[in-house]
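Listing of entry-v5.csv, CSV, C-alpha atoms
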```csv
chain,number,residue,atom,x,y,z
A,4,MET,CA,54.0,10.6,64.3
A,5,VAL,CA,52.4,7.3,63.3
A,6,LYS,CA,53.4,6.2,59.8
A,7,ALA,CA,51.7,3.7,57.5
A,8,THR,CA,54.5,1.0,57.8
A,9,ARG,CA,56.4,1.0,61.0
A,10,PRO,CA,59.2,-1.0,62.6
A,11,SER,CA,58.4,-3.5,65.4
A,12,ARG,CA,59.2,-3.0,69.0
A,13,ALA,CA,61.7,-5.8,68.6
A,14,ASP,CA,63.5,-3.8,65.9
A,15,TYR,CA,64.0,-1.0,68.3
A,16,TYR,CA,64.9,-3.3,71.1
A,17,LYS,CA,67.7,-4.9,69.1
A,18,VAL,CA,69.2,-1.4,68.7
A,19,LEU,CA,68.7,-0.6,72.3
A,20,ALA,CA,70.5,-3.8,73.4
A,21,ASP,CA,73.3,-3.0,71.0
A,22,ARG,CA,73.7,0.7,72.0
A,23,LEU,CA,72.9,0.5,75.7
A,24,PRO,CA,75.3,2.8,77.5
A,25,ALA,CA,77.6,1.4,80.1
A,26,ASN,CA,76.1,1.2,83.6
A,27,ALA,CA,72.6,1.9,82.2
A,28,LEU,CA,69.5,1.3,84.3
A,29,VAL,CA,66.4,0.3,82.3
A,30,VAL,CA,62.8,0.8,83.4
A,31,THR,CA,60.1,-0.9,81.2
A,32,SER,CA,56.4,-0.3,81.2
A,33,LEU,CA,53.8,-3.0,81.6
A,34,GLY,CA,53.1,-5.7,79.0
A,35,ASN,CA,55.4,-6.4,76.1
A,36,ALA,CA,57.5,-3.4,76.9
A,37,SER,CA,58.7,-5.5,79.9
A,38,TYR,CA,58.1,-9.1,78.6
A,39,LEU,CA,60.0,-8.6,75.3
A,40,TRP,CA,62.9,-6.7,77.0
A,41,ALA,CA,63.2,-9.5,79.5
A,42,ALA,CA,63.3,-12.0,76.6
A,43,MET,CA,65.9,-10.0,74.7
A,44,HIS,CA,68.1,-8.5,77.3
A,45,HIS,CA,67.4,-9.6,80.9
A,46,ALA,CA,69.7,-8.0,83.4
A,47,PRO,CA,69.6,-7.3,87.1
A,48,GLU,CA,69.6,-3.6,86.3
A,49,ASN,CA,66.2,-3.9,84.6
A,50,PHE,CA,63.2,-2.8,86.5
A,51,TYR,CA,60.1,-4.4,85.0
A,52,PHE,CA,56.6,-3.0,85.6
A,53,GLU,CA,53.9,-5.6,86.1
A,54,ASP,CA,51.0,-3.2,86.0
A,55,ALA,CA,50.7,0.4,87.3
A,56,MET,CA,50.0,1.8,83.8
A,57,GLY,CA,51.3,5.4,83.3
A,58,LEU,CA,53.8,5.3,86.2
A,59,ALA,CA,56.9,4.0,84.6
A,60,LEU,CA,57.9,7.5,83.5
A,61,PRO,CA,57.6,9.1,87.0
A,62,LEU,CA,59.4,6.2,88.6
A,63,ALA,CA,62.2,6.5,86.2
A,64,LEU,CA,62.4,10.2,87.0
A,65,GLY,CA,62.8,9.4,90.7
A,66,LEU,CA,65.4,6.8,89.9
A,67,ALA,CA,67.4,9.3,87.7
A,68,VAL,CA,67.3,11.8,90.6
A,69,ALA,CA,68.6,9.1,93.0
A,70,GLN,CA,71.3,7.8,90.6
A,71,PRO,CA,72.6,10.9,88.9
A,72,THR,CA,75.8,9.3,87.6
A,73,ARG,CA,74.1,6.4,85.8
A,74,PRO,CA,72.1,6.6,82.6
A,75,VAL,CA,68.5,5.8,83.2
A,76,ILE,CA,66.4,4.7,80.2
A,77,VAL,CA,62.7,4.2,80.4
A,78,VAL,CA,60.4,2.6,77.8
A,79,GLU,CA,56.8,3.9,78.0
A,80,GLY,CA,53.9,3.6,75.6
A,81,ASP,CA,51.8,6.4,74.1
A,82,GLY,CA,48.7,5.2,75.9
A,83,ALA,CA,50.4,5.1,79.2
A,84,LEU,CA,51.8,8.6,78.6
A,85,LEU,CA,48.3,10.0,78.0
A,86,MET,CA,47.3,8.8,81.5
A,87,HIS,CA,50.0,10.9,83.2
A,88,MET,CA,51.0,13.5,80.6
A,89,GLY,CA,51.8,15.9,83.4
A,90,THR,CA,54.9,13.9,84.1
A,91,LEU,CA,56.5,15.4,81.0
A,92,VAL,CA,56.2,18.8,82.6
A,93,THR,CA,57.8,17.4,85.8
A,94,ILE,CA,60.7,15.9,83.8
A,95,GLY,CA,61.1,19.2,82.0
A,96,ALA,CA,61.3,21.1,85.3
A,97,VAL,CA,63.7,18.6,87.0
A,98,ALA,CA,65.7,18.2,83.7
A,99,PRO,CA,67.9,15.3,84.7
A,100,ASP,CA,70.8,14.9,82.2
A,101,ASN,CA,70.9,11.2,82.7
A,102,LEU,CA,67.3,10.3,81.7
A,103,THR,CA,66.4,9.0,78.3
A,104,VAL,CA,62.7,8.5,77.6
A,105,LEU,CA,61.8,6.1,74.8
A,106,LEU,CA,58.1,6.5,73.9
A,107,ILE,CA,56.6,3.7,71.9
A,108,GLN,CA,54.0,5.3,69.7
A,109,ASN,CA,51.9,2.5,68.3
A,110,GLY,CA,48.6,4.3,68.4
A,111,VAL,CA,46.8,1.8,70.5
A,112,HIS,CA,46.6,0.4,74.1
A,113,ALA,CA,48.6,-2.6,73.0
A,114,ALA,CA,49.0,-4.1,76.5
A,115,SER,CA,45.3,-4.5,77.0
A,116,GLY,CA,44.5,-5.8,73.6
A,117,GLY,CA,44.8,-3.0,71.1
A,118,GLN,CA,42.0,-0.7,72.0
A,119,ALA,CA,42.0,2.7,70.3
A,120,LEU,CA,43.7,5.7,72.0
A,121,THR,CA,41.9,8.9,72.7
A,122,ASN,CA,44.2,10.5,70.1
A,123,ALA,CA,46.6,8.3,68.2
A,124,SER,CA,48.3,10.9,66.0
A,125,LEU,CA,49.6,13.5,68.5
A,126,ASP,CA,53.1,14.9,67.8
A,127,LEU,CA,54.5,13.6,71.1
A,128,ALA,CA,58.0,15.1,70.5
A,129,ALA,CA,56.4,18.5,70.1
A,130,LEU,CA,54.4,17.8,73.2
A,131,ALA,CA,57.5,17.0,75.1
A,132,CYS,CA,59.2,20.2,73.9
A,133,SER,CA,56.2,22.2,75.0
A,134,SER,CA,56.5,20.6,78.4
A,135,GLY,CA,60.0,22.0,78.8
A,136,ILE,CA,62.1,19.1,77.6
A,137,ALA,CA,64.9,20.5,75.4
A,138,ARG,CA,65.7,17.4,73.4
A,139,ALA,CA,62.7,15.6,71.9
A,140,THR,CA,62.7,13.9,68.5
A,141,ASN,CA,60.2,11.8,66.5
A,142,VAL,CA,62.0,8.6,65.2
A,143,ALA,CA,60.7,6.5,62.4
A,144,THR,CA,63.4,3.9,61.8
A,145,PRO,CA,65.8,1.7,63.8
A,146,GLN,CA,68.7,3.4,62.0
A,147,ALA,CA,67.6,6.8,63.2
A,148,PHE,CA,67.2,5.4,66.7
A,149,ALA,CA,70.7,4.0,66.6
A,150,SER,CA,72.0,7.4,65.6
A,151,ALA,CA,70.1,9.1,68.3
A,152,MET,CA,71.4,6.6,70.9
A,153,SER,CA,74.9,7.1,69.7
A,154,SER,CA,74.9,10.8,70.0
A,155,GLY,CA,75.2,10.6,73.8
A,156,SER,CA,74.0,13.0,76.4
A,157,ALA,CA,74.4,16.6,75.6
A,158,GLY,CA,73.9,17.7,79.2
A,159,ARG,CA,70.8,19.7,78.5
A,160,GLY,CA,68.3,17.8,80.6
A,161,ALA,CA,66.3,14.7,79.7
A,162,GLN,CA,66.1,13.3,76.2
A,163,VAL,CA,62.8,12.0,74.6
A,164,LEU,CA,62.8,9.8,71.6
A,165,VAL,CA,59.4,9.0,70.2
A,166,LEU,CA,59.6,5.6,68.3
A,167,SER,CA,57.0,5.1,65.7
A,168,THR,CA,56.1,1.4,66.1
A,169,GLU,CA,53.8,-1.2,64.8
A,170,PRO,CA,51.4,-2.5,67.5
A,171,ASP,CA,52.4,-5.8,69.1
A,172,ILE,CA,49.2,-7.2,70.5
A,173,GLU,CA,50.3,-10.9,70.9
A,174,VAL,CA,51.7,-11.3,74.4
A,175,VAL,CA,55.4,-12.3,74.6
A,176,LYS,CA,56.0,-15.0,77.2
A,177,PRO,CA,58.8,-13.7,79.5
A,178,PRO,CA,61.6,-16.1,80.1
A,179,ILE,CA,61.9,-15.2,83.8
A,180,ALA,CA,59.5,-14.8,86.7
A,181,LEU,CA,58.5,-11.2,86.9
A,182,ASP,CA,57.9,-11.3,90.7
A,183,PRO,CA,57.6,-7.6,91.7
A,184,VAL,CA,59.5,-7.8,95.0
A,185,LEU,CA,62.2,-10.0,93.5
A,186,THR,CA,62.6,-7.5,90.7
A,187,LYS,CA,63.0,-4.7,93.2
A,188,HIS,CA,65.5,-6.5,95.4
A,189,ARG,CA,67.5,-7.8,92.5
A,190,PHE,CA,67.7,-4.3,91.1
A,191,MET,CA,68.7,-2.6,94.3
A,192,SER,CA,71.3,-5.2,95.1
A,193,ALA,CA,72.8,-4.8,91.6
A,194,ILE,CA,73.2,-1.1,91.9
A,195,GLY,CA,74.5,-1.3,95.5
A,196,ALA,CA,71.7,0.7,96.9
A,197,PRO,CA,71.9,1.2,100.7
A,198,ARG,CA,69.7,-1.1,102.7
A,199,TYR,CA,67.7,-0.4,105.8
A,200,ILE,CA,69.1,-1.7,109.0
A,201,PRO,CA,66.2,-2.5,111.4
A,202,THR,CA,66.1,-0.8,114.8
A,203,LEU,CA,66.4,-4.2,116.5
A,204,PHE,CA,70.0,-4.3,115.2
A,205,GLY,CA,70.8,-0.8,116.1
A,206,GLY,CA,69.8,0.7,112.8
A,207,GLY,CA,66.8,2.8,111.8
A,208,ARG,CA,68.7,4.2,108.8
A,209,LEU,CA,69.8,3.4,105.3
A,210,GLU,CA,73.4,2.1,105.3
A,211,ARG,CA,75.7,0.8,102.6
A,212,ASP,CA,77.2,-2.6,103.1
B,11,MET,CA,69.0,3.5,116.6
B,12,ALA,CA,70.4,7.0,117.3
B,13,LYS,CA,68.6,8.6,120.2
B,14,PRO,CA,66.2,11.3,118.9
B,15,ALA,CA,67.1,14.9,120.0
B,16,ALA,CA,64.8,16.2,122.7
B,17,GLU,CA,62.1,18.4,121.4
B,18,PRO,CA,60.5,21.0,123.7
B,19,PRO,CA,56.8,20.5,123.8
B,20,ASP,CA,56.2,24.1,122.7
B,21,SER,CA,58.6,24.0,119.8
B,22,HIS,CA,57.7,25.1,116.3
B,23,ARG,CA,56.2,21.9,114.9
B,24,PRO,CA,56.9,22.4,111.2
B,25,SER,CA,60.5,23.1,112.0
B,26,ALA,CA,60.7,20.0,114.1
B,27,ILE,CA,59.4,17.9,111.1
B,28,LEU,CA,62.0,19.3,108.8
B,29,ASP,CA,64.8,18.8,111.4
B,30,THR,CA,63.7,15.2,111.9
B,31,LEU,CA,63.7,14.5,108.1
B,32,LYS,CA,67.3,15.9,107.9
B,33,ARG,CA,68.4,13.9,110.9
B,34,LEU,CA,67.0,10.6,109.5
B,35,GLY,CA,68.8,11.2,106.2
B,36,PHE,CA,65.9,11.8,103.8
B,37,GLY,CA,67.4,12.8,100.5
B,38,ALA,CA,64.3,13.4,98.4
B,39,ALA,CA,60.9,15.1,99.0
B,40,ILE,CA,58.2,14.7,96.4
B,41,ALA,CA,55.3,17.1,96.7
B,42,VAL,CA,52.0,18.5,95.4
B,43,PRO,CA,51.2,21.5,97.5
B,44,ASP,CA,48.1,22.7,99.3
B,45,GLY,CA,47.4,25.8,101.4
B,46,TRP,CA,49.0,24.3,104.5
B,47,LEU,CA,52.1,22.8,102.8
B,48,GLY,CA,53.2,25.7,100.7
B,49,GLU,CA,55.8,27.3,103.0
B,50,MET,CA,57.0,24.0,104.2
B,51,LEU,CA,58.0,23.2,100.6
B,52,VAL,CA,59.8,26.5,100.3
B,53,ARG,CA,61.8,25.5,103.4
B,54,VAL,CA,62.5,22.0,102.1
B,55,GLU,CA,63.7,23.5,98.8
B,56,GLN,CA,66.3,25.5,100.7
B,57,GLU,CA,67.8,22.4,102.3
B,58,PRO,CA,71.0,21.3,100.5
B,59,THR,CA,70.6,17.7,101.5
B,60,ILE,CA,67.0,17.2,100.3
B,61,GLN,CA,66.0,17.4,96.7
B,62,LEU,CA,62.5,18.6,96.2
B,63,VAL,CA,60.5,17.5,93.2
B,64,ARG,CA,57.3,19.3,92.6
B,65,ALA,CA,55.0,16.9,90.8
B,66,THR,CA,51.8,17.6,88.8
B,67,HIS,CA,49.6,14.9,90.4
B,68,GLU,CA,49.8,12.9,93.6
B,69,GLU,CA,49.9,9.5,91.8
B,70,GLU,CA,52.8,10.8,89.8
B,71,ALA,CA,54.4,11.9,93.0
B,72,LEU,CA,54.0,8.5,94.5
B,73,ALA,CA,55.8,6.9,91.5
B,74,ILE,CA,58.6,9.4,91.7
B,75,ALA,CA,59.0,8.6,95.3
B,76,CYS,CA,59.1,4.9,94.6
B,77,GLY,CA,61.8,5.5,91.9
B,78,ALA,CA,63.9,7.6,94.3
B,79,ARG,CA,63.7,4.8,97.0
B,80,LEU,CA,64.5,2.2,94.3
B,81,GLY,CA,67.7,4.2,93.6
B,82,GLY,CA,68.7,4.3,97.3
B,83,LEU,CA,67.3,7.6,98.4
B,84,ARG,CA,65.1,7.8,101.4
B,85,ALA,CA,61.9,9.5,100.1
B,86,VAL,CA,59.2,11.5,101.8
B,87,MET,CA,56.0,12.8,100.2
B,88,PHE,CA,54.1,15.9,101.1
B,89,VAL,CA,50.5,15.8,99.8
B,90,GLN,CA,47.0,16.7,100.8
B,91,ASN,CA,44.6,13.9,101.8
B,92,ALA,CA,42.6,14.6,98.6
B,93,GLY,CA,45.8,13.6,96.7
B,94,VAL,CA,45.9,10.2,98.5
B,95,LEU,CA,42.3,9.7,97.4
B,96,SER,CA,43.4,10.1,93.8
B,97,MET,CA,46.4,7.8,93.9
B,98,GLY,CA,44.6,4.5,94.8
B,99,ALA,CA,45.7,2.5,91.7
B,100,GLY,CA,49.3,3.4,92.0
B,101,MET,CA,49.2,2.8,95.8
B,102,VAL,CA,48.1,-0.8,95.4
B,103,SER,CA,49.7,-1.8,92.1
B,104,LEU,CA,53.1,-0.1,92.5
B,105,ALA,CA,53.9,1.1,96.0
B,106,GLN,CA,52.3,-1.8,97.9
B,107,ARG,CA,52.8,-4.5,95.3
B,108,TYR,CA,56.5,-3.8,95.1
B,109,GLN,CA,56.7,-3.1,98.9
B,110,PHE,CA,58.3,0.3,98.7
B,111,PRO,CA,58.8,1.9,102.1
B,112,LEU,CA,57.6,5.5,101.8
B,113,LEU,CA,56.9,8.2,104.4
B,114,MET,CA,53.8,10.2,103.4
B,115,LEU,CA,53.2,13.4,105.3
B,116,VAL,CA,49.6,14.3,104.5
B,117,SER,CA,47.8,17.5,105.4
B,118,TYR,CA,44.5,16.4,106.9
B,119,ARG,CA,41.9,18.7,105.4
B,120,GLY,CA,38.2,18.6,106.0
B,121,THR,CA,38.3,17.7,109.7
B,122,VAL,CA,36.1,19.6,112.2
B,123,GLU,CA,39.2,21.9,112.9
B,124,ASP,CA,39.5,22.9,109.2
B,125,PRO,CA,37.8,26.3,108.6
B,126,VAL,CA,37.7,25.7,104.9
B,127,PHE,CA,34.2,24.1,104.6
B,128,TYR,CA,34.6,22.7,101.1
B,129,HIS,CA,37.3,20.2,102.3
B,130,ALA,CA,34.7,18.4,104.4
B,131,PRO,CA,33.7,15.8,101.8
B,132,LYS,CA,37.4,14.7,101.5
B,133,GLY,CA,37.9,14.7,105.3
B,134,ARG,CA,34.8,12.6,105.8
B,135,VAL,CA,36.1,9.7,103.6
B,136,THR,CA,39.8,9.9,104.2
B,137,GLU,CA,40.3,7.3,106.9
B,138,PRO,CA,37.7,4.8,105.5
B,139,VAL,CA,39.5,5.0,102.1
B,140,PHE,CA,42.9,4.6,103.6
B,141,LYS,CA,41.6,1.5,105.4
B,142,GLY,CA,40.0,0.2,102.2
B,143,ILE,CA,43.2,0.4,100.1
B,144,GLY,CA,45.3,-1.0,103.0
B,145,LEU,CA,47.3,2.1,103.6
B,146,THR,CA,48.6,2.1,107.1
B,147,TYR,CA,48.3,5.5,108.8
B,148,ALA,CA,48.1,7.5,112.0
B,149,ARG,CA,46.9,10.9,113.1
B,150,THR,CA,49.4,13.1,114.9
B,151,ASP,CA,48.9,13.6,118.6
B,152,PRO,CA,48.8,17.4,119.3
B,153,HIS,CA,49.9,16.8,122.9
B,154,ARG,CA,53.1,15.0,121.9
B,155,PRO,CA,56.2,16.4,120.2
B,156,ILE,CA,55.9,16.0,116.4
B,157,GLY,CA,59.5,14.9,115.7
B,158,PRO,CA,59.3,11.5,117.3
B,159,GLN,CA,55.9,10.9,115.6
B,160,VAL,CA,57.5,11.5,112.2
B,161,GLU,CA,60.4,9.2,113.1
B,162,GLN,CA,58.0,6.4,114.3
B,163,ALA,CA,56.1,6.7,111.0
B,164,ALA,CA,59.3,6.6,109.0
B,165,THR,CA,60.5,3.6,110.9
B,166,TYR,CA,57.2,1.8,110.5
B,167,ALA,CA,57.3,2.3,106.7
B,168,GLU,CA,60.8,0.8,106.5
B,169,GLU,CA,60.3,-2.1,108.9
B,170,ALA,CA,57.0,-3.1,107.3
B,171,SER,CA,58.2,-2.3,103.8
B,172,CYS,CA,55.1,-0.3,102.9
B,173,PRO,CA,54.0,3.3,102.6
B,174,PHE,CA,52.9,4.9,105.8
B,175,ALA,CA,50.7,8.0,106.0
B,176,LEU,CA,50.9,10.5,108.9
B,177,LEU,CA,47.9,12.7,108.9
B,178,LEU,CA,49.0,16.2,109.9
B,179,SER,CA,47.0,19.1,111.4
B,180,ARG,CA,47.5,22.7,110.4
B,181,GLU,CA,49.6,23.4,113.5
B,182,ASP,CA,51.9,20.5,112.5
B,183,VAL,CA,52.7,21.7,109.1
B,184,GLN,CA,51.7,25.3,108.3
B,185,TRP,CA,54.8,27.3,108.8
```

Structure rendered as structure tokens:
Amino acid sequence: MVKATRPSRADYYKVLADRLPANALVVTSLGNASYLWAAMHHAPENFYFEDAMGLALPLALGLAVAQPTRPVIVVEGDGALLMHMGTLVTIGAVAPDNLTVLLIQNGVHAASGGQALTNASLDLAALACSSGIARATNVATPQAFASAMSSGSAGRGAQVLVLSTEPDIEVVKPPIALDPVLTKHRFMSAIGAPRYIPTLFGGGRLERD
Amino acid sequence: MAKPAAEPPDSHRPSAILDTLKRLGFGAAIAVPDGWLGEMLVRVEQEPTIQLVRATHEEEALAIACGARLGGLRAVMFVQNAGVLSMGAGMVSLAQRYQFPLLMLVSYRGTVEDPVFYHAPKGRVTEPVFKGIGLTYARTDPHRPIGPQVEQAATYAEEASCPFALLLSREDVQW
């Protein structure tokens, strides 16, 4: 739930950088969710969204399915979630143990300038639970977030942590180029994803190097 | 490229689609059903080498497929053409912008062969909208085996690094 005084996104990101599980893959939504994470913890295993609002969560679900042995962490905003709320139901049904959803609840569309949400005070953890996700918690402090991140995977499907956050309207300048195709290739190379061998070279299939 | 297995012209076309996906190593199928796709998805769900994800919306399905491909799984989507009409933003700003190769097997509702009249508005605009959003596509040829057509669509998607939609008739996909 949204409180009167809330931590910043950076406060939570400091904890995330500190408690990031080994071999974690991180997907960040558009705007400062990506820009600030790139500034604080750029790594090849980060997949930055440039736009495509509302689709970070389903992309992370597909990634978690494809990489079941690696922790997948996705940072999504409350406004973006409202655009594709059905994804919570899909995550609840697939129930990947390796997926952690961090929902930034700042009560506004921060990435587009701070416009009001349709409803800024939803209990998003309750919503996640009602969608079939067993582990969903509202978090109000970085300390509580650190504790939740340290508790590890309980093997009961995806985990949702709703982070009550002060809006960050001012755009953070990312320290790297967020070229979409470069982001994708860097990520896939870092995780050793199989690559497509063209038919010209006798391929037509995905193969590992 | 491995030589495709010969497919008799009178073979069961939905079975040939599933056999082709297995042979090409597709590991994930992301779907939103319609009346023609329902049984196909049941069959896909029974395949041990393909994980089926039933999404709540086609744009969500598109993003799940992108994520699966990002993670190294070859991904196919099963959706109705109406679903492609409703995924335009994700198509251009995610799948095309990041150049994800995706095979989209799309039930083509609302053509003159479709007896369900209320699909007509969607059928009428499907191909113009596909062209408008830059989605490469083909209609299946009913006089050719379906397996090689699926393989060609999948190959195009990979070699052009983009989604490719194969528009399917009822005989292609309804089990």

Please, which residues in chain A fall within 6 Å of chain B when counting all atoms listed in the file, and what is the closest atom pair and distance in Å to one decimal for each, ordered by chain then residue number, as a Markdown table?
```
| residue | atom | partner | partner_atom | distance |
| --- | --- | --- | --- | --- |
| A:Ala55 | CA | B:Ser103 | CA | 5.4 |
| A:Leu58 | CA | B:Ala73 | CA | 5.9 |
| A:Pro61 | CA | B:Ile74 | CA | 4.8 |
| A:Leu62 | CA | B:Gly77 | CA | 4.1 |
| A:Ala63 | CA | B:Gly77 | CA | 5.8 |
| A:Gly65 | CA | B:Ala78 | CA | 4.2 |
| A:Leu66 | CA | B:Gly77 | CA | 4.3 |
| A:Ala69 | CA | B:Gly81 | CA | 5.0 |
| A:Gln70 | CA | B:Gly81 | CA | 5.9 |
| A:Gly89 | CA | B:Thr66 | CA | 5.7 |
| A:Thr93 | CA | B:Ala65 | CA | 5.8 |
| A:Pro183 | CA | B:Tyr108 | CA | 5.2 |
| A:Val184 | CA | B:Tyr108 | CA | 5.0 |
| A:Ala196 | CA | B:Gly82 | CA | 4.7 |
| A:Pro197 | CA | B:Gly82 | CA | 5.6 |
| A:Thr202 | CA | B:Met11 | CA | 5.5 |
| A:Gly205 | CA | B:Met11 | CA | 4.7 |
| A:Gly206 | CA | B:Met11 | CA | 4.8 |
| A:Gly207 | CA | B:Met11 | CA | 5.3 |
```

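If you look at CA of Val94 in chain B and CA of Arg119 in chain B, they are 11.7 Å away from each other.
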
- line: If you count all atoms listed in the file, the residue of A:Ala46, A:Ala98, A:Ala180, A:Ala131 closest to Leu84 in chain A turns out to be A:Ala131

message: List the spatial neighbours of Leu145 in chain B as an MDAnalysis selection string - criterion: any atom at most 9 Å away, all atoms listed in the file, same-chain residues fewer than 3 positions off excluded.
response: chainID B and resid 101:102 106 139:142 172:175

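Put simply, CA of Phe127 in chain B is 13.7 Å away from CA of Gly45 in chain B.
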
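You will find CA of Leu203 in chain A at 29.7 Å from CA of Pro47 in chain A.
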
Answer as a list in words, residues within 8 Å of (54.5, 15.7, 102.0) using only C-alpha atoms: Ala39, Ile40, Ala41, Val42, Leu47, Val86, Met87, Phe88, Val89, Gln90, Met114, Leu115, Val116 and Ser117 of chain B

Please provide the set of residues having any atom within 8 Å of Gly160 in chain A, restricted to all atoms listed in the file, with same-chain residues fewer than 2 positions apart removed, written as a PDB file with C-alpha atoms, in the frame of the given file.
```
ATOM      1  CA  GLY A  95      61.100  19.200  82.000  1.00  0.00           C
ATOM      2  CA  VAL A  97      63.700  18.600  87.000  1.00  0.00           C
ATOM      3  CA  ALA A  98      65.700  18.200  83.700  1.00  0.00           C
ATOM      4  CA  PRO A  99      67.900  15.300  84.700  1.00  0.00           C
ATOM      5  CA  ASP A 100      70.800  14.900  82.200  1.00  0.00           C
ATOM      6  CA  ASN A 101      70.900  11.200  82.700  1.00  0.00           C
ATOM      7  CA  LEU A 102      67.300  10.300  81.700  1.00  0.00           C
ATOM      8  CA  ILE A 136      62.100  19.100  77.600  1.00  0.00           C
ATOM      9  CA  ALA A 137      64.900  20.500  75.400  1.00  0.00           C
ATOM     10  CA  ARG A 138      65.700  17.400  73.400  1.00  0.00           C
ATOM     11  CA  ALA A 157      74.400  16.600  75.600  1.00  0.00           C
ATOM     12  CA  GLY A 158      73.900  17.700  79.200  1.00  0.00           C
ATOM     13  CA  GLN A 162      66.100  13.300  76.200  1.00  0.00           C
TER      14      GLN A 162
END
```

- request: Please identify all polymer residues within 12 Å of Asn35 in chain A, counting all atoms listed in the file, omitting same-chain residues fewer than 4 positions from it, and present them as a ChimeraX atom specification.
  value: /A:11-13,16,31,39-43,51-54,78-80,107,112-116,170-177

- line: Between B:Ser25, B:Ser179, B:Gln56, B:Gln184, smallest distance to Val122 in chain B by all atoms listed in the file belongs to B:Ser179

message: When you count all atoms listed in the file, which of these residues is closest to Ala193 in chain A: A:Ser37, A:Ser154, A:Asn49, A:Thr8?
response: A:Asn49

Start from the incomplete input, build N, CA and C atoms for range 19-30 of chain B, and deliver everything as a PDB file, in the coordinates of the input.
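Final output, part31.pdb:
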```
ATOM      1  N   PRO B  19      58.166  20.690 124.202  1.00  0.00           N
ATOM      2  CA  PRO B  19      56.800  20.500 123.800  1.00  0.00           C
ATOM      3  C   PRO B  19      56.180  21.737 123.118  1.00  0.00           C
ATOM      4  N   ASP B  20      56.751  22.922 123.367  1.00  0.00           N
ATOM      5  CA  ASP B  20      56.200  24.100 122.700  1.00  0.00           C
ATOM      6  C   ASP B  20      57.007  24.546 121.512  1.00  0.00           C
ATOM      7  N   SER B  21      57.784  23.633 120.953  1.00  0.00           N
ATOM      8  CA  SER B  21      58.600  24.000 119.800  1.00  0.00           C
ATOM      9  C   SER B  21      57.767  24.194 118.566  1.00  0.00           C
ATOM     10  N   HIS B  22      58.355  24.826 117.584  1.00  0.00           N
ATOM     11  CA  HIS B  22      57.700  25.100 116.300  1.00  0.00           C
ATOM     12  C   HIS B  22      57.580  23.748 115.556  1.00  0.00           C
ATOM     13  N   ARG B  23      56.378  23.240 115.424  1.00  0.00           N
ATOM     14  CA  ARG B  23      56.200  21.900 114.900  1.00  0.00           C
ATOM     15  C   ARG B  23      56.666  21.689 113.478  1.00  0.00           C
ATOM     16  N   PRO B  24      56.371  22.605 112.550  1.00  0.00           N
ATOM     17  CA  PRO B  24      56.900  22.400 111.200  1.00  0.00           C
ATOM     18  C   PRO B  24      58.423  22.356 111.147  1.00  0.00           C
ATOM     19  N   SER B  25      59.080  23.188 111.952  1.00  0.00           N
ATOM     20  CA  SER B  25      60.500  23.100 112.000  1.00  0.00           C
ATOM     21  C   SER B  25      61.022  21.789 112.512  1.00  0.00           C
ATOM     22  N   ALA B  26      60.307  21.258 113.500  1.00  0.00           N
ATOM     23  CA  ALA B  26      60.700  20.000 114.100  1.00  0.00           C
ATOM     24  C   ALA B  26      60.537  18.843 113.031  1.00  0.00           C
ATOM     25  N   ILE B  27      59.517  18.949 112.167  1.00  0.00           N
ATOM     26  CA  ILE B  27      59.400  17.900 111.100  1.00  0.00           C
ATOM     27  C   ILE B  27      60.566  17.993 110.167  1.00  0.00           C
ATOM     28  N   LEU B  28      60.921  19.202 109.750  1.00  0.00           N
ATOM     29  CA  LEU B  28      62.000  19.300 108.800  1.00  0.00           C
ATOM     30  C   LEU B  28      63.345  18.865 109.469  1.00  0.00           C
ATOM     31  N   ASP B  29      63.566  19.217 110.718  1.00  0.00           N
ATOM     32  CA  ASP B  29      64.800  18.800 111.400  1.00  0.00           C
ATOM     33  C   ASP B  29      64.839  17.248 111.505  1.00  0.00           C
ATOM     34  N   THR B  30      63.697  16.649 111.751  1.00  0.00           N
ATOM     35  CA  THR B  30      63.700  15.200 111.900  1.00  0.00           C
ATOM     36  C   THR B  30      63.988  14.530 110.516  1.00  0.00           C
TER      37      THR B  30
END
```
